[in-house]
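Presented below is the structure to which this report refers.
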Amino acid sequence: MKILIVFLLILWAYIISVFKRANLYFFKFIVGAVGLFFFTIVILQPYLVGALSQLVTAVAGVIGEITNYYQAFYQYSLILISSGTSTVSMYIDYECSGVIEILAFTSLLWFFPVYNFMEKIMYNIIGVIWIFAANVLRIFIICILVYYYGNNMFYFAHTILARFVFYGLSIILYFHVFTKSQIKNQRVGDIAYGDDVK
């Protein structure tokens, strides 16, 4: 399996170099971002999921202690929510860790042709913090709703409302990092944002 990954990595790098030499920037962006996401998921995901799950649980646990809505056991990536006479346990797993969203954002950013190297580092750090914070907020929303409305609210809170909030915040991040910067860079029409100079 490792030999296959190395072969695909070399092939991917070669294809990107071909697109770069041919000035096919769109294809370089697509193949580069998708490839980087694939390789980071395959190579880094086993190491990142556990760490991110525990970190999300720990930070969400601080909020839980302050509000007294739930208890977090970050060593086990576990949150216990007491609601009335029942207790709901929520395990922070692969899906809840935010690893997919962080790696997807990172992959797109590093092949996005607008920023220079230092800007990409800055936006990558900001983006990771933003996605992480949005994920902690998502966990907190789930816990609040289950705390007040019981176990029957878990599906709605987890699958619909909290996910809607999380992806809404992700859209805001993507707009500012990708869409707004692209429009500003092209200087199309008479568009200005806030204090931007026309």
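Residue names in the structure tokens use chain letters A, B, ... in the order shown, residue numbers from 1 in each chain, and ligand numbers from 1 in the order shown.
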
Report task. Using DSSP on the backbone, list every residue of range 21-189 of chain A that comes out as alpha helix (DSSP H), and give them as a VMD selection string. Result -> chain A and resid 21 25 to 67 94 to 97 99 to 110 117 to 149 154 to 155 162 to 174 180 to 186

Query raised in the report: Can you list, as a list in words, every protein, DNA or RNA residue that comes within 12 Å of Tyr47 in chain A when you count only C-alpha atoms, leaving out same-chain residues fewer than 6 positions away?
Result: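 Using only C-alpha atoms, the neighbours found are Thr40, Ile41, Ser53, Gln54, Tyr94, Ser97 and Val99 of chain A.
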
Output N, CA and C atoms for every residue in that selection, as a compact mmCIF listing (two decimals), in the first residue's frame.
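See again-v9.txt below for the written result:
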```txt
# COMPACT_ATOMS: atom_id res chain seq x y z
N THR A 40 -3.31 13.92 2.29
CA THR A 40 -3.32 14.28 3.71
C THR A 40 -4.31 13.41 4.49
N ILE A 41 -5.44 13.07 3.86
CA ILE A 41 -6.40 12.18 4.52
C ILE A 41 -5.78 10.80 4.74
N SER A 53 -9.99 15.07 18.14
CA SER A 53 -11.14 14.65 18.94
C SER A 53 -10.95 15.01 20.40
N GLN A 54 -9.76 14.73 20.92
CA GLN A 54 -9.48 15.05 22.32
C GLN A 54 -9.43 16.55 22.56
N TYR A 94 -14.51 10.55 14.40
CA TYR A 94 -13.93 11.03 13.13
C TYR A 94 -14.74 12.19 12.54
N SER A 97 -14.62 15.41 14.74
CA SER A 97 -13.30 15.99 15.03
C SER A 97 -13.01 17.23 14.19
N VAL A 99 -11.62 17.05 11.19
CA VAL A 99 -10.41 16.80 10.40
C VAL A 99 -10.68 16.92 8.90
```

Under the rule of at most 10 Å, produce a per-residue listing of range 45-118 of chain A near range 163-178 of chain A: chain, number, name, the closest pair of atoms, and the distance in Å, as JSON lines, using only C-alpha atoms.
```
{"residue": "A:Glu101", "atom": "CA", "partner": "A:Ser170", "partner_atom": "CA", "distance": 8.7}
{"residue": "A:Phe105", "atom": "CA", "partner": "A:Tyr174", "partner_atom": "CA", "distance": 8.2}
{"residue": "A:Leu108", "atom": "CA", "partner": "A:Phe178", "partner_atom": "CA", "distance": 9.1}
{"residue": "A:Leu109", "atom": "CA", "partner": "A:Phe178", "partner_atom": "CA", "distance": 8.0}
{"residue": "A:Phe112", "atom": "CA", "partner": "A:Phe178", "partner_atom": "CA", "distance": 7.9}
{"residue": "A:Pro113", "atom": "CA", "partner": "A:Phe178", "partner_atom": "CA", "distance": 9.9}
{"residue": "A:Val114", "atom": "CA", "partner": "A:Phe178", "partner_atom": "CA", "distance": 8.5}
{"residue": "A:Tyr115", "atom": "CA", "partner": "A:Val177", "partner_atom": "CA", "distance": 9.6}
```

Query raised in the report: Can you tell me, as an NGL selection string, what residues are no more than 12 Å from Lys2 in chain A when counting only C-alpha atoms, ignoring any on the same chain fewer than 2 positions away?
Result: :A and (4-9 or 39 or 42-43)

Requested in this report: Determine, counting only C-alpha atoms, which protein, DNA and RNA residues have an atom within 8 Å of an atom of range 71-76 of chain A; residues of the same chain fewer than 3 positions away are not included. Present the result as a list in words.
Outcome: Ser53, Gln54, Leu55, Thr57, Ala58, Ala60, Gly61, Gly64, Glu65, Asn68, Ile79, Leu80 and Ile81 of chain A

Requested in this report: Pull the strand (DSSP E or B) assignments for range 64-123 of chain A out of DSSP run on the backbone, and list those residues as a VMD selection string.
Outcome: chain A and resid 70 to 73 78 to 83 86 to 91

Selection to disk with C-alpha atoms, as a PDB file, in the first residue's frame:
```pdb
ATOM      1  CA  TYR A  70     -22.343  18.747  30.635  1.00  0.00           C
ATOM      2  CA  GLN A  71     -19.126  16.981  31.594  1.00  0.00           C
ATOM      3  CA  ALA A  72     -16.297  16.174  29.205  1.00  0.00           C
ATOM      4  CA  PHE A  73     -13.722  13.411  29.479  1.00  0.00           C
ATOM      5  CA  LEU A  78     -16.523  11.610  25.530  1.00  0.00           C
ATOM      6  CA  ILE A  79     -19.146  14.133  26.645  1.00  0.00           C
ATOM      7  CA  LEU A  80     -21.875  13.293  29.165  1.00  0.00           C
ATOM      8  CA  ILE A  81     -25.015  15.427  29.147  1.00  0.00           C
ATOM      9  CA  SER A  82     -27.385  15.095  32.101  1.00  0.00           C
ATOM     10  CA  SER A  83     -30.963  15.903  31.176  1.00  0.00           C
ATOM     11  CA  SER A  86     -31.293  10.524  32.045  1.00  0.00           C
ATOM     12  CA  THR A  87     -27.734  10.952  30.832  1.00  0.00           C
ATOM     13  CA  VAL A  88     -26.774  11.130  27.179  1.00  0.00           C
ATOM     14  CA  SER A  89     -23.255  10.232  26.103  1.00  0.00           C
ATOM     15  CA  MET A  90     -21.748  11.747  22.967  1.00  0.00           C
ATOM     16  CA  TYR A  91     -18.526  10.384  21.534  1.00  0.00           C
TER      17      TYR A  91
END
```

Report task. Rounded to one decimal place, report the CA of Ile141 in chain A-CA of Ala162 in chain A distance in Å. Result ->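 Atom-to-atom, CA of Ile141 in chain A to CA of Ala162 in chain A, that is 6.0 Å.
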